[in-house]
Structure formats: C-alpha cells, structure tokens
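The file entry-v6.txt contains compact mmCIF, C-alpha atoms:
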# COMPACT_ATOMS: atom_id res chain seq x y z
CA MET A 286 -28.89 -14.46 0.31
CA PRO A 287 -32.16 -14.80 2.24
CA ILE A 288 -32.00 -13.48 5.78
CA ARG A 289 -33.54 -16.59 7.40
CA GLN A 290 -30.76 -18.76 6.09
CA ALA A 291 -28.13 -16.46 7.52
CA SER A 292 -29.51 -16.71 11.03
CA SER A 293 -29.42 -20.51 11.14
CA ARG A 294 -25.89 -20.48 9.75
CA ASN A 295 -24.89 -17.98 12.37
CA SER A 296 -25.99 -20.03 15.33
CA GLN A 297 -24.02 -22.90 13.84
CA SER A 298 -20.95 -20.72 13.56
CA ALA A 299 -21.34 -19.46 17.12
CA VAL A 300 -21.03 -23.03 18.34
CA LEU A 301 -18.06 -23.49 16.06
CA TYR A 302 -16.26 -20.42 17.32
CA ALA A 303 -16.95 -21.42 20.90
CA ALA A 304 -15.41 -24.82 20.24
CA VAL A 305 -12.35 -23.34 18.62
CA GLY A 306 -11.99 -20.81 21.42
CA GLU A 307 -12.10 -23.50 24.07
CA SER A 308 -9.55 -25.76 22.45
CA ARG A 309 -7.35 -22.76 21.86
CA GLY A 310 -7.56 -21.72 25.51
CA SER A 311 -6.51 -25.05 26.95
CA ARG A 312 -3.73 -25.48 24.43
CA PHE A 313 -2.45 -22.01 25.27
CA VAL A 314 -2.19 -22.70 28.98
CA GLU A 315 -0.47 -25.98 28.39
CA ARG A 316 2.05 -24.59 25.92
CA THR A 317 2.70 -21.16 27.25
CA GLY A 318 5.03 -21.76 30.19
CA LYS A 319 7.55 -23.87 28.31
CA ALA A 320 7.16 -21.89 25.13
CA VAL A 321 8.38 -18.63 26.56
CA VAL A 322 11.60 -20.09 27.90
CA LYS A 323 12.18 -21.76 24.55
CA SER A 324 11.39 -18.57 22.63
CA LEU A 325 13.65 -16.40 24.73
CA SER A 326 16.59 -18.71 24.21
CA ALA A 327 15.75 -18.80 20.50
CA ILE A 328 16.12 -15.04 20.32
CA SER A 329 19.60 -15.10 21.77
CA LYS A 330 20.55 -17.58 19.03
CA GLY A 331 19.45 -15.31 16.22
CA GLU A 332 16.47 -13.52 14.78
CA ASN A 333 15.25 -16.11 12.34
CA SER A 334 14.36 -18.71 14.92
CA ILE A 335 12.06 -16.34 16.79
CA THR A 336 9.52 -16.28 13.98
CA ASP A 337 8.63 -19.90 14.75
CA ASN A 338 7.66 -18.96 18.28
CA MET A 339 5.70 -15.78 17.72
CA GLU A 340 2.40 -17.52 18.31
CA ASP A 341 3.62 -18.83 21.67
CA LEU A 342 4.93 -15.45 22.76
CA LEU A 343 1.67 -13.74 21.84
CA ALA A 344 -0.25 -16.51 23.59
CA ALA A 345 1.81 -15.91 26.73
CA VAL A 346 0.98 -12.21 26.63
CA ALA A 347 -2.70 -13.02 26.15
CA SER A 348 -3.07 -15.72 28.77
CA THR A 349 -0.72 -14.66 31.58
CA GLN A 350 0.19 -11.07 30.65
CA ASP A 351 3.75 -12.28 30.40
CA ARG A 352 6.00 -9.22 30.29
CA ASP A 353 9.10 -11.11 29.21
CA ALA A 354 7.21 -12.48 26.24
CA PHE A 355 6.11 -8.96 25.40
CA HIS A 356 9.73 -7.72 25.67
CA SER A 357 10.72 -10.35 23.12
CA LEU A 358 7.94 -9.38 20.74
CA PHE A 359 8.87 -5.74 21.17
CA ASP A 360 12.57 -6.33 20.47
CA TYR A 361 11.80 -8.19 17.29
CA PHE A 362 8.90 -6.16 15.92
CA ALA A 363 9.41 -2.56 17.02
CA PRO A 364 12.38 -1.87 14.63
CA ARG A 365 10.53 -3.59 11.78
CA VAL A 366 7.29 -1.77 12.43
CA LYS A 367 9.31 1.44 12.51
CA SER A 368 10.80 0.68 9.07
CA PHE A 369 7.30 -0.03 7.78
CA LEU A 370 5.97 3.25 9.21
CA LEU A 371 8.87 5.32 7.87
CA GLY A 372 7.62 4.81 4.31
CA LYS A 373 6.10 7.82 2.56
CA GLY A 374 8.31 10.34 4.34
CA THR A 375 7.05 9.98 7.91
CA SER A 376 9.40 11.69 10.37
CA PRO A 377 11.36 9.36 12.68
CA GLU A 378 9.73 11.01 15.70
CA LEU A 379 6.20 10.37 14.45
CA ALA A 380 7.17 6.86 13.35
CA GLU A 381 8.42 6.05 16.86
CA GLU A 382 5.31 7.49 18.45
CA ALA A 383 3.30 5.21 16.18
CA VAL A 384 5.57 2.23 17.02
CA GLN A 385 4.85 2.78 20.70
CA GLU A 386 1.14 3.04 20.06
CA ALA A 387 1.15 -0.06 17.83
CA MET A 388 3.11 -2.15 20.33
CA LEU A 389 0.88 -0.97 23.15
CA ASN A 390 -2.08 -2.14 21.10
CA VAL A 391 -0.38 -5.51 20.67
CA TRP A 392 -0.26 -5.75 24.46
CA ARG A 393 -3.80 -4.53 24.97
CA LYS A 394 -5.41 -6.65 22.28
CA ALA A 395 -3.36 -9.83 22.58
CA HIS A 396 -6.41 -11.70 23.89
CA GLN A 397 -8.18 -11.04 20.57
CA PHE A 398 -5.49 -12.87 18.61
CA ASP A 399 -6.94 -15.90 16.83
CA PRO A 400 -4.26 -18.28 15.49
CA SER A 401 -6.79 -19.93 13.17
CA LYS A 402 -7.20 -16.64 11.29
CA ALA A 403 -3.70 -15.20 11.07
CA SER A 404 -0.11 -15.82 12.07
CA ALA A 405 1.17 -13.70 14.95
CA SER A 406 3.32 -11.62 12.57
CA THR A 407 0.36 -10.90 10.31
CA TRP A 408 -1.80 -9.97 13.27
CA ILE A 409 0.86 -7.52 14.45
CA PHE A 410 1.29 -6.19 10.91
CA ALA A 411 -2.46 -5.44 10.79
CA ILE A 412 -2.18 -3.52 14.05
CA ALA A 413 0.78 -1.53 12.67
CA ARG A 414 -1.18 -0.74 9.51
CA ASN A 415 -4.21 0.41 11.50
CA THR A 416 -2.02 2.57 13.69
CA ARG A 417 -0.60 4.20 10.57
CA ILE A 418 -4.11 4.98 9.32
CA ASP A 419 -5.16 6.28 12.71
CA LEU A 420 -2.11 8.21 13.89
CA ILE A 421 -0.20 9.17 10.75
CA ARG A 422 -2.89 9.51 8.11
CA LYS A 423 -5.51 10.52 10.68
CA THR A 424 -8.35 8.84 8.86
CA ILE A 425 -10.83 6.14 9.73
CA ARG A 426 -10.71 2.50 8.68
CA PRO A 427 -14.13 0.86 8.73
CA GLU A 428 -13.83 -2.83 9.60
CA LEU A 429 -16.24 -5.70 9.92
CA ASP A 430 -17.17 -7.00 13.35
CA PRO A 431 -16.31 -10.71 13.73
CA ASN A 432 -19.15 -11.06 16.27
CA ASP A 433 -21.77 -9.47 14.03
CA PRO A 434 -24.81 -11.77 13.69
CA ALA A 435 -25.14 -10.56 10.07
CA LEU A 436 -21.63 -11.78 9.19
CA VAL A 437 -21.63 -14.73 6.80
CA PRO A 438 -19.29 -17.17 8.60
CA ASP A 439 -16.28 -18.89 7.09
CA ALA A 440 -16.83 -22.39 5.77
CA PRO A 441 -16.62 -24.81 8.74
CA GLU A 442 -13.46 -26.57 7.56
CA SER A 443 -11.43 -23.37 7.47
CA ALA A 444 -12.26 -22.60 11.11
CA PHE A 445 -10.28 -25.67 12.11
CA GLU A 446 -7.22 -24.87 10.05
CA THR A 447 -5.50 -23.59 13.15
CA VAL A 448 -2.06 -24.73 12.14
CA LEU A 449 -2.39 -23.51 8.61
CA ALA A 450 -2.47 -19.77 9.30
CA SER A 451 1.20 -19.69 10.29
CA LYS A 452 2.10 -22.33 7.67
CA ASN A 453 0.32 -20.24 5.04
CA ALA A 454 2.27 -17.18 6.12
CA GLU A 455 5.53 -19.09 5.62
CA ARG A 456 4.54 -20.21 2.14
CA ILE A 457 3.37 -16.74 1.21
CA ARG A 458 6.69 -15.34 2.32
CA ALA A 459 8.59 -17.73 0.05
CA ARG A 460 6.30 -16.95 -2.88
CA VAL A 461 6.64 -13.19 -2.41
CA ALA A 462 10.43 -13.52 -2.51
CA ALA A 463 10.18 -15.38 -5.82
CA LEU A 464 7.93 -12.84 -7.57
CA PRO A 465 9.13 -10.99 -10.69
CA GLU A 466 10.50 -7.56 -9.80
CA GLU A 467 7.74 -5.60 -11.55
CA GLN A 468 5.10 -7.40 -9.49
CA LYS A 469 7.04 -6.96 -6.28
CA GLU A 470 7.38 -3.26 -7.03
CA VAL A 471 3.61 -2.63 -7.04
CA LEU A 472 3.22 -4.58 -3.80
CA HIS A 473 5.98 -2.52 -2.20
CA LEU A 474 4.36 0.73 -3.28
CA ALA A 475 0.99 -0.44 -1.98
CA PHE A 476 2.22 -1.47 1.46
CA PHE A 477 5.12 0.88 2.22
CA GLU A 478 4.17 4.01 0.37
CA ASP A 479 0.56 3.56 1.43
CA THR A 480 -0.42 4.10 -2.19
CA PRO A 481 -3.71 3.04 -3.81
CA HIS A 482 -3.47 1.30 -7.20
CA SER A 483 -4.71 4.37 -9.09
CA GLU A 484 -1.80 6.40 -7.71
CA ILE A 485 0.70 3.61 -8.40
CA ALA A 486 -0.23 3.92 -12.08
CA ARG A 487 0.61 7.64 -12.02
CA LYS A 488 3.78 7.10 -10.06
CA LEU A 489 5.17 4.41 -12.37
CA ASN A 490 3.70 6.14 -15.42
CA ILE A 491 2.00 2.97 -16.64
CA PRO A 492 -1.68 2.43 -17.52
CA LEU A 493 -4.09 1.64 -14.69
CA GLY A 494 -4.92 -1.66 -16.40
CA THR A 495 -1.28 -2.70 -16.21
CA VAL A 496 -1.14 -2.00 -12.47
CA LYS A 497 -4.33 -3.97 -11.95
CA SER A 498 -3.06 -6.93 -13.95
CA ARG A 499 0.30 -6.94 -12.15
CA ILE A 500 -1.50 -7.02 -8.83
CA ARG A 501 -3.84 -9.74 -10.04
CA LEU A 502 -0.97 -11.86 -11.37
CA ALA A 503 1.09 -11.44 -8.21
CA VAL A 504 -1.80 -12.32 -5.92
CA GLN A 505 -2.93 -15.29 -8.03
CA ARG A 506 0.62 -16.57 -8.22
CA ILE A 507 1.08 -16.40 -4.47
CA ARG A 508 -2.34 -17.83 -3.65
CA SER A 509 -2.50 -20.56 -6.29
CA GLU A 510 0.74 -21.96 -4.98
CA ILE A 511 -0.82 -22.20 -1.55
CA GLY A 512 -3.88 -23.92 -2.94
CA GLU A 513 -1.75 -26.54 -4.69
CA VAL A 514 0.29 -27.34 -1.62
CA GLU A 515 -2.83 -27.91 0.44
CA MET B 542 -27.33 -17.57 -3.19
CA ASN B 543 -23.65 -17.39 -4.07
CA ILE B 544 -21.68 -14.25 -4.64
CA ASP B 545 -20.45 -14.11 -8.23
CA HIS B 546 -19.19 -10.54 -8.43
CA HIS B 547 -16.21 -9.73 -6.23
CA PRO B 548 -14.00 -6.65 -5.91
CA SER B 549 -10.84 -6.70 -8.06
CA GLU B 550 -7.58 -7.82 -6.47
CA ALA B 551 -6.35 -4.24 -6.87
CA LEU B 552 -9.22 -2.92 -4.76
CA LEU B 553 -8.82 -5.61 -2.09
CA LEU B 554 -5.09 -4.85 -1.98
CA ASP B 555 -5.85 -1.17 -1.36
CA TYR B 556 -8.00 -2.24 1.56
CA ALA B 557 -5.42 -4.72 2.88
CA SER B 558 -2.59 -2.19 2.65
CA GLY B 559 -4.71 0.49 4.29
CA ALA B 560 -4.40 2.87 1.32
CA LEU B 561 -8.13 2.84 0.52
CA GLY B 562 -10.11 5.86 1.69
CA GLU B 563 -12.92 5.69 4.21
CA GLY B 564 -15.78 5.88 1.70
CA SER B 565 -14.68 2.92 -0.43
CA SER B 566 -13.56 1.05 2.69
CA VAL B 567 -17.10 1.08 4.10
CA VAL B 568 -18.30 -0.68 0.96
CA ILE B 569 -15.41 -3.16 0.86
CA ALA B 570 -15.63 -3.98 4.58
CA THR B 571 -19.40 -4.54 4.25
CA HIS B 572 -18.77 -6.85 1.28
CA LEU B 573 -16.18 -8.72 3.37
CA ALA B 574 -18.77 -9.29 6.09
CA LEU B 575 -20.89 -11.11 3.48
CA CYS B 576 -18.06 -12.83 1.57
CA PRO B 577 -15.79 -15.40 3.30
CA THR B 578 -13.90 -15.88 0.02
CA CYS B 579 -12.71 -12.28 -0.14
CA ARG B 580 -12.01 -12.28 3.61
CA GLN B 581 -9.49 -15.04 2.98
CA VAL B 582 -7.96 -13.11 0.07
CA VAL B 583 -7.52 -10.07 2.31
CA ARG B 584 -5.96 -12.24 5.05
CA ASP B 585 -3.51 -13.61 2.49
CA MET B 586 -2.74 -10.09 1.30
CA GLU B 587 -2.04 -9.08 4.89
CA SER B 588 0.41 -11.99 5.00
CA ILE B 589 2.02 -10.59 1.85
CA GLY B 590 2.39 -7.20 3.57
CA THR B 591 3.83 -8.98 6.60
CA ALA B 592 6.38 -10.85 4.48
CA LEU B 593 7.47 -7.56 2.91
CA MET B 594 7.66 -5.88 6.32
CA GLU B 595 9.76 -8.67 7.80
CA ASP B 596 12.21 -8.39 4.93
CA LEU B 597 12.76 -4.67 5.54
CA LYS B 598 15.98 -3.64 7.18
CA PRO B 599 14.97 -3.00 10.81
CA ALA B 600 15.19 0.69 11.73
CA PRO B 601 17.11 1.23 14.98
CA LEU B 602 15.03 2.76 17.76
CA SER B 603 16.13 5.83 19.64
CA GLY B 604 17.19 4.73 23.13
CA ASN B 605 14.29 5.85 25.25
CA ILE B 606 11.40 4.30 23.35
CA LYS B 607 11.17 1.07 25.31
CA PRO B 608 11.13 2.45 28.87
CA ASP B 609 8.32 4.75 27.73
CA ILE B 610 6.09 1.90 26.71
CA PHE B 611 6.77 -0.10 29.84
CA ASN B 612 5.82 2.77 32.08
CA VAL B 613 2.34 2.89 30.61
CA PRO B 614 -0.06 1.08 32.94
CA PHE B 615 -1.37 -2.11 31.40
CA ALA B 616 -4.85 -1.65 30.11
CA ALA B 617 -7.68 -3.87 31.25
CA GLN B 618 -8.14 -6.85 28.98
CA ASP B 619 -11.77 -6.12 28.40
CA GLY B 620 -13.84 -3.19 27.34
CA GLU B 621 -11.79 -2.51 24.23
CA GLU B 622 -13.74 -4.57 21.80
CA THR B 623 -16.74 -3.30 19.94
CA VAL B 624 -19.12 -6.18 20.27
CA SER B 625 -22.46 -6.07 18.52
CA ALA B 626 -25.42 -5.90 20.82
CA PRO B 627 -26.83 -9.39 21.36
CA THR B 628 -29.53 -10.11 18.82
CA GLU B 629 -32.14 -12.82 18.79
CA ALA B 630 -31.52 -15.40 16.09
CA SER B 631 -34.81 -14.42 14.47
CA LEU B 632 -33.64 -10.82 14.25
CA THR B 633 -30.47 -11.17 12.20
CA PRO B 634 -29.83 -7.69 10.83
CA VAL B 635 -30.07 -7.11 7.09
CA LEU B 636 -27.26 -4.56 7.17
CA PRO B 637 -23.91 -5.97 8.34
CA GLU B 638 -21.23 -4.07 10.25
CA PRO B 639 -19.53 -1.69 9.67
CA LEU B 640 -22.50 -0.30 7.74
CA ARG B 641 -24.90 -0.45 10.72
CA ARG B 642 -22.58 1.83 12.69
CA TYR B 643 -22.80 4.45 9.93
CA ILE B 644 -26.59 4.20 9.73
CA GLY B 645 -27.05 4.01 13.48
CA GLY B 646 -29.21 0.93 13.15
CA ASP B 647 -30.57 -1.67 10.78
CA LEU B 648 -32.62 -1.27 7.61
CA ASP B 649 -35.79 -0.29 9.47
CA GLN B 650 -33.98 2.72 10.92
CA VAL B 651 -32.62 4.19 7.70
CA PRO B 652 -33.70 7.85 7.35
CA TRP B 653 -34.65 7.57 3.67
CA ARG B 654 -34.99 10.66 1.51
CA ARG B 655 -37.10 10.64 -1.63
CA LEU B 656 -35.18 10.87 -4.91
CA GLY B 657 -38.09 10.84 -7.33
CA LEU B 658 -39.26 8.03 -9.63
CA GLY B 659 -40.03 5.98 -6.51
CA ALA B 660 -36.37 5.75 -5.52
CA TYR B 661 -34.92 6.74 -2.13
CA GLN B 662 -31.45 7.42 -0.82
CA CYS B 663 -29.66 7.95 2.48
CA LEU B 664 -26.27 9.67 2.49
CA LEU B 665 -23.71 8.28 4.93
CA SER B 666 -21.58 10.69 6.87
CA THR B 667 -17.83 10.06 6.53
CA ASP B 668 -14.74 12.13 7.28
CA GLU B 669 -13.69 11.89 3.65
CA ASP B 670 -14.54 14.69 1.21
CA GLU B 671 -13.45 12.92 -1.98
CA THR B 672 -16.27 10.38 -2.07
CA ILE B 673 -20.01 10.19 -1.56
CA VAL B 674 -21.40 7.09 0.10
CA ARG B 675 -25.10 6.36 0.03
CA LEU B 676 -27.70 3.70 0.50
CA LEU B 677 -30.04 3.51 -2.48
CA ARG B 678 -33.48 1.94 -2.64
CA ILE B 679 -34.78 1.24 -6.13
CA PRO B 680 -38.36 -0.07 -6.37
CA ALA B 681 -38.70 -3.67 -7.59
CA GLY B 682 -38.68 -3.86 -11.38
CA LYS B 683 -37.71 -0.20 -11.92
CA LEU B 684 -35.04 1.01 -14.33
CA VAL B 685 -32.39 3.50 -13.23
CA PRO B 686 -31.86 6.04 -16.05
CA SER B 687 -28.88 5.16 -18.25
CA HIS B 688 -25.71 6.77 -16.93
CA SER B 689 -21.93 6.64 -16.91
CA HIS B 690 -19.33 7.80 -14.41
CA ASP B 691 -16.57 10.35 -14.52
CA GLY B 692 -14.80 8.42 -11.80
CA MET B 693 -15.36 5.09 -10.10
CA GLU B 694 -18.52 3.70 -8.60
CA LEU B 695 -18.73 0.69 -6.31
CA THR B 696 -22.19 -0.77 -5.80
CA LEU B 697 -22.89 -3.50 -3.24
CA VAL B 698 -26.28 -5.22 -3.23
CA LEU B 699 -27.77 -5.71 0.25
CA ASN B 700 -31.35 -6.66 -0.58
CA GLY B 701 -33.19 -7.65 -3.76
CA ALA B 702 -31.19 -7.71 -6.98
CA PHE B 703 -30.39 -5.73 -10.10
CA SER B 704 -29.20 -6.48 -13.62
CA ASP B 705 -27.42 -4.54 -16.33
CA SER B 706 -25.35 -5.36 -19.40
CA THR B 707 -22.52 -6.64 -17.14
CA GLY B 708 -24.58 -9.21 -15.27
CA HIS B 709 -27.03 -10.02 -12.49
CA TYR B 710 -26.22 -8.82 -8.97
CA VAL B 711 -27.66 -10.26 -5.74
CA ARG B 712 -26.99 -9.73 -2.02
CA GLY B 713 -23.23 -9.56 -1.43
CA ASP B 714 -22.36 -8.96 -5.10
CA LEU B 715 -20.21 -5.93 -5.79
CA GLN B 716 -20.06 -4.01 -9.05
CA GLU B 717 -16.88 -2.06 -9.71
CA ALA B 718 -17.49 0.54 -12.43
CA ASP B 719 -15.03 3.01 -13.89
CA GLY B 720 -15.43 5.97 -16.24
CA LEU B 721 -15.92 3.69 -19.23
CA LEU B 722 -19.03 1.84 -18.13
CA GLU B 723 -22.33 3.22 -19.34
CA HIS B 724 -25.15 1.23 -17.89
CA GLN B 725 -28.84 1.14 -17.18
CA PRO B 726 -29.39 -1.00 -14.10
CA GLN B 727 -32.82 -2.53 -13.56
CA ALA B 728 -34.02 -3.70 -10.16
CA ALA B 729 -35.30 -7.29 -10.21
CA ALA B 730 -39.00 -7.90 -9.69
CA GLY B 731 -40.25 -8.95 -6.28
CA GLU B 732 -38.34 -6.91 -3.72
CA ASP B 733 -36.95 -3.38 -3.64
CA CYS B 734 -33.27 -3.37 -4.48
CA ILE B 735 -31.18 -1.84 -1.71
CA CYS B 736 -27.57 -1.03 -2.54
CA LEU B 737 -24.65 0.62 -0.84
CA ALA B 738 -22.81 2.77 -3.37
CA VAL B 739 -19.73 4.95 -3.30
CA THR B 740 -18.78 7.40 -6.05
CA ASP B 741 -15.87 9.80 -6.38
CA ALA B 742 -17.54 11.99 -9.02
CA PRO B 743 -21.13 12.81 -9.96
CA LEU B 744 -22.89 10.35 -12.25
CA ARG B 745 -23.37 11.41 -15.87
CA PHE B 746 -26.87 10.64 -17.09
CA SER B 747 -27.19 10.07 -20.82
CA SER B 748 -30.71 11.32 -21.43
CA LEU B 749 -31.51 15.00 -21.37
CA ALA B 750 -34.54 14.45 -19.14
CA ALA B 751 -32.51 12.66 -16.50
CA ARG B 752 -29.81 15.33 -16.68
CA MET B 753 -32.42 18.02 -16.14
CA VAL B 754 -33.78 16.49 -12.95
CA GLN B 755 -30.34 15.46 -11.67
CA PRO B 756 -29.66 18.66 -9.68
CA PHE B 757 -33.02 18.27 -7.94
CA ILE B 758 -32.76 14.64 -7.02
CA GLY B 759 -29.27 15.14 -5.65
CA ILE B 760 -27.33 12.33 -7.34
Encoded form (structure tokens):
Amino acid sequence: MPIRQASSRNSQSAVLYAAVGESRGSRFVERTGKAVVKSLSAISKGENSITDNMEDLLAAVASTQDRDAFHSLFDYFAPRVKSFLLGKGTSPELAEEAVQEAMLNVWRKAHQFDPSKASASTWIFAIARNTRIDLIRKTIRPELDPNDPALVPDAPESAFETVLASKNAERIRARVAALPEEQKEVLHLAFFEDTPHSEIARKLNIPLGTVKSRIRLAVQRIRSEIGEVE
Amino acid sequence: MNIDHHPSEALLLDYASGALGEGSSVVIATHLALCPTCRQVVRDMESIGTALMEDLKPAPLSGNIKPDIFNVPFAAQDGEETVSAPTEASLTPVLPEPLRRYIGGDLDQVPWRRLGLGAYQCLLSTDEDETIVRLLRIPAGKLVPSHSHDGMELTLVLNGAFSDSTGHYVRGDLQEADGLLEHQPQAAAGEDCICLAVTDAPLRFSSLAARMVQPFIGI
C-alpha cells in the first residue's frame, strides 16, 4: 500500500480513536459507582453472574483505582489464571509467582483496557499469556504498537462495535463448547501446553496437514457463526 | 492495495496462544500492524483461549498469595506504555512496529550489508537461536536464484512487490513456505522489493552456481 495513503488514513483514525476514548471515559464514570456494588453482590450469588460485570469492574479499577473491584477480579481470575499457567508442568510455586505478576499487571495496565477491542476476560487472558512468555518461558513476545503511525487502522465501523467485543466473547465461548473433540484437542494443546502446531503434530502423531486443517476448521466454524449472527 | 496473502490459521493460533518463537513473532506482529483482518482473527483466537481458560477447574491458591499482591505499592498509571515518538503526518514510517524497534529506526536507518547480485540484507538480533530474521532488499525487476527450504520461511513484503509461481505479493502480503516449495521469486519492476523474512534452516539453492556463492553471501 502506498505510504501517502496510510498517513491520511492514520489521521482519520486518530480522530476516531479520540472519539471512542472520550465516549468511553464518560460512560465509565457514569457506570462505575453503581456497577461495583452490583458486581460485588453478583459474586456472592455465584461465579457465573460475575462474568457479565467484568467490564464494569475493570473500568472501576481503571477510572478510580477501586481496590474492591480489583479484589473481585482477583478472586475470580487468580485461580483460573493459575490453572492456565500450570499447563506444561510448571511448578505450583512458579505458577503462583506468575499469577501475582499477571494480576499486578491487570492493576497497572487497567487504564489501557479498550472494551471495543476485547472483553475484560480476554484482555486479562492476554496478560496471563504474556506473563507466561515473560516469566515462565523467559522469551520475548514482539507486539504491534496500537499508537504506531504506520499501523493500518481497523475499518471505521468496527471501532464503534463497543458492545460487540463482550458479546462476541460470549458467542465464541458457546461455539468452542460445541466443537468436535478432535478440534477442541488441538486448541487445548495450543493454549494450555503452549505448543506450536508443528509440535502438536508430533505429539498426536498425525500429519502436520491434519493439524493445520483441524485448526482451520475449528477457527472457521467459530468465526463463521459469529459472522452469521451479526 | 489489498492484502491477499495472509498467514495460515495455524500460524496465527501459535501467535495468539503465545507458543510462537520470537523470530516468527516479529514477522507475524509486523503483518498484524498492516492487516486489520488478521488482527481481528487473533482477537477472536484470544477469545477462544479465554473461553478454554474459563472452563478450566480453578486451581486453589496457597493462602498467602493475596496479601502479597496487596502489599505491593500501586504503580503509577502512566509511564508503562511504549508509545511511538510523535511523527508528522507526512513522515509516516515505512516500517511498522515492532519491526522499527528491532532496526532501531525506519527504512532510512537500516544498516544494509551487500549480498551480491545487487541485493542487500540486514540481520535482526533476537534472543532466539532457532531462527534467522532478516530484512532483504532485492533490486526492482531482479530474480532471486531458484531455491527451496529445509524448514519454513515466512516472507512479508514491506515495499515494492515480488512474484513467484504461488502468486503476486505486495506490501502486507505474507508468504508461508515449507520444505516442499521450490520457488524463484522475482522483484516487480519500479521499486526495490523490501521483505522481512524468517527462516529456521538455511535455504537450499537449486543451481550449482548459486550454491557455490551461498557461503559467501551469507544466506
């Protein structure tokens, strides 16, 4: 793509991001106070209802450094993040060290959370994954910079799909549960055993092409369903 | 121009799960900076990972873990982010992040080294020993000698274009080659073709002449 075009598109996207940021800010302030009370009572009723309020809890941490909201996030996520980190034979001690680091990063980076891009759970999952790479695998994960002027921005309409990120996450969850076992198996190995697709082939003793097609089918199945619903 | 050649789902999943090594991740992350479509795929894959994580049986924490975290002083809300230096609109970099960080600047600051036949390369320094990551500059219109790969090669076009038997590749396009592909890429006329490439094994040139100079040109 020609460079000149990118620059004009970028200034457009800067305006767009500013607009989204502003609307997000005011909505946060308005919702946060009530949301936390609601979320905390939801937790005492049972774990499932908390997932609906994750965004509000994270917003409360971001906007008012709300410690109670952080407690709630910690109580729900820390044991799950620990399970996730225990994959591939990590010792419980190291896993807990990584849980602490991950949850501390949730606190520190809460203000970077963008509900138009990801649900709160997915945002926290990404932090847990990066902590695993950093602390357990001790390698580096190169990532793009969302503020990079060379970044080709998302199509304008998707920047306004604020509600859809958490809705998408819900739909994806339902679709994952309905996947055939053999497709679920490769996804499990990828995420919990931290295993690249080439190694999955060796592990399951199936051809690389089969692993690739299972992944492709699983991902298309999950994503096409989302496309249809929208 | 639109991106027609994307990484496979398997490769994007490796990036989303975090299993992909640093060398390949530089190439994938740089592609993601140029490709909103694949960014959305990766976001959806992260949601898949999240769904799987939330369905795990929670592992009980040992008692003292929570007091520990609450005794840590709360970090300042700013100063954590890596924000690109402000750039004038007219100076949009050619190389996106995270590639610029590895080069230490944009295209005009690449310390090119001559490869012969008018081509140049710049090796990127990573912590990973298993792969070699490099920027390649092939003069407009030139043919790269026919070669195949013992392992995989990912090639991302950043400037200009190239073609081979598998198609035509422009800025943002990514070619994913395995040990089976033998190809002879040709840079398109007009501009030098600049690519970011990662390999996990040396290339295997088909012609004797190319094989003879290979040790000297360092590919």
Checklist entry - Any idea which chain A residues end up within 7 Å of chain B if we count all atoms listed in the file, as a ChimeraX atom specification please? => result /A:286,288,292,364-365,367-369,385,389,393,406-407,410-411,414,418,425-430,432-439,454,457-458,461,475-476,479-482,497,500-501
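CA of Gly645 in chain B is found 27.1 Å from CA of Gly731 in chain B.
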Checklist entry - Quick one: distance from CA of Asp733 in chain B to CA of Asp670 in chain B in Å, one decimal? => result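 Distance reported for this atom pair: 29.2 Å.
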Checklist entry - What does the distance between CA of Arg422 in chain A and CA of Thr375 in chain A come to in Å, to one decimal place? => result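 Value for the CA of Arg422 in chain A-CA of Thr375 in chain A distance: 10.0 Å.
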Item to check | Of the listed residues A:Leu343, A:Gln350, A:Leu420, A:Glu478, that which approaches Ala380 in chain A most closely, counting all atoms listed in the file | outcome: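 The answer is A:Leu420, which sits nearest to Ala380 in chain A.
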Checklist entry - Pick from A:Leu502, A:Ala450, A:Ile485, A:Leu342: nearest to Ser404 in chain A, with all atoms listed in the file counted? => result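 Smallest distance to Ser404 in chain A is found for A:Ala450.
Nearest-residue note for Ser451 in chain A: choosing from A:Glu484, A:Glu386, A:Asp399, A:Glu466, the minimum distance belongs to A:Asp399, counting all atoms listed in the file.
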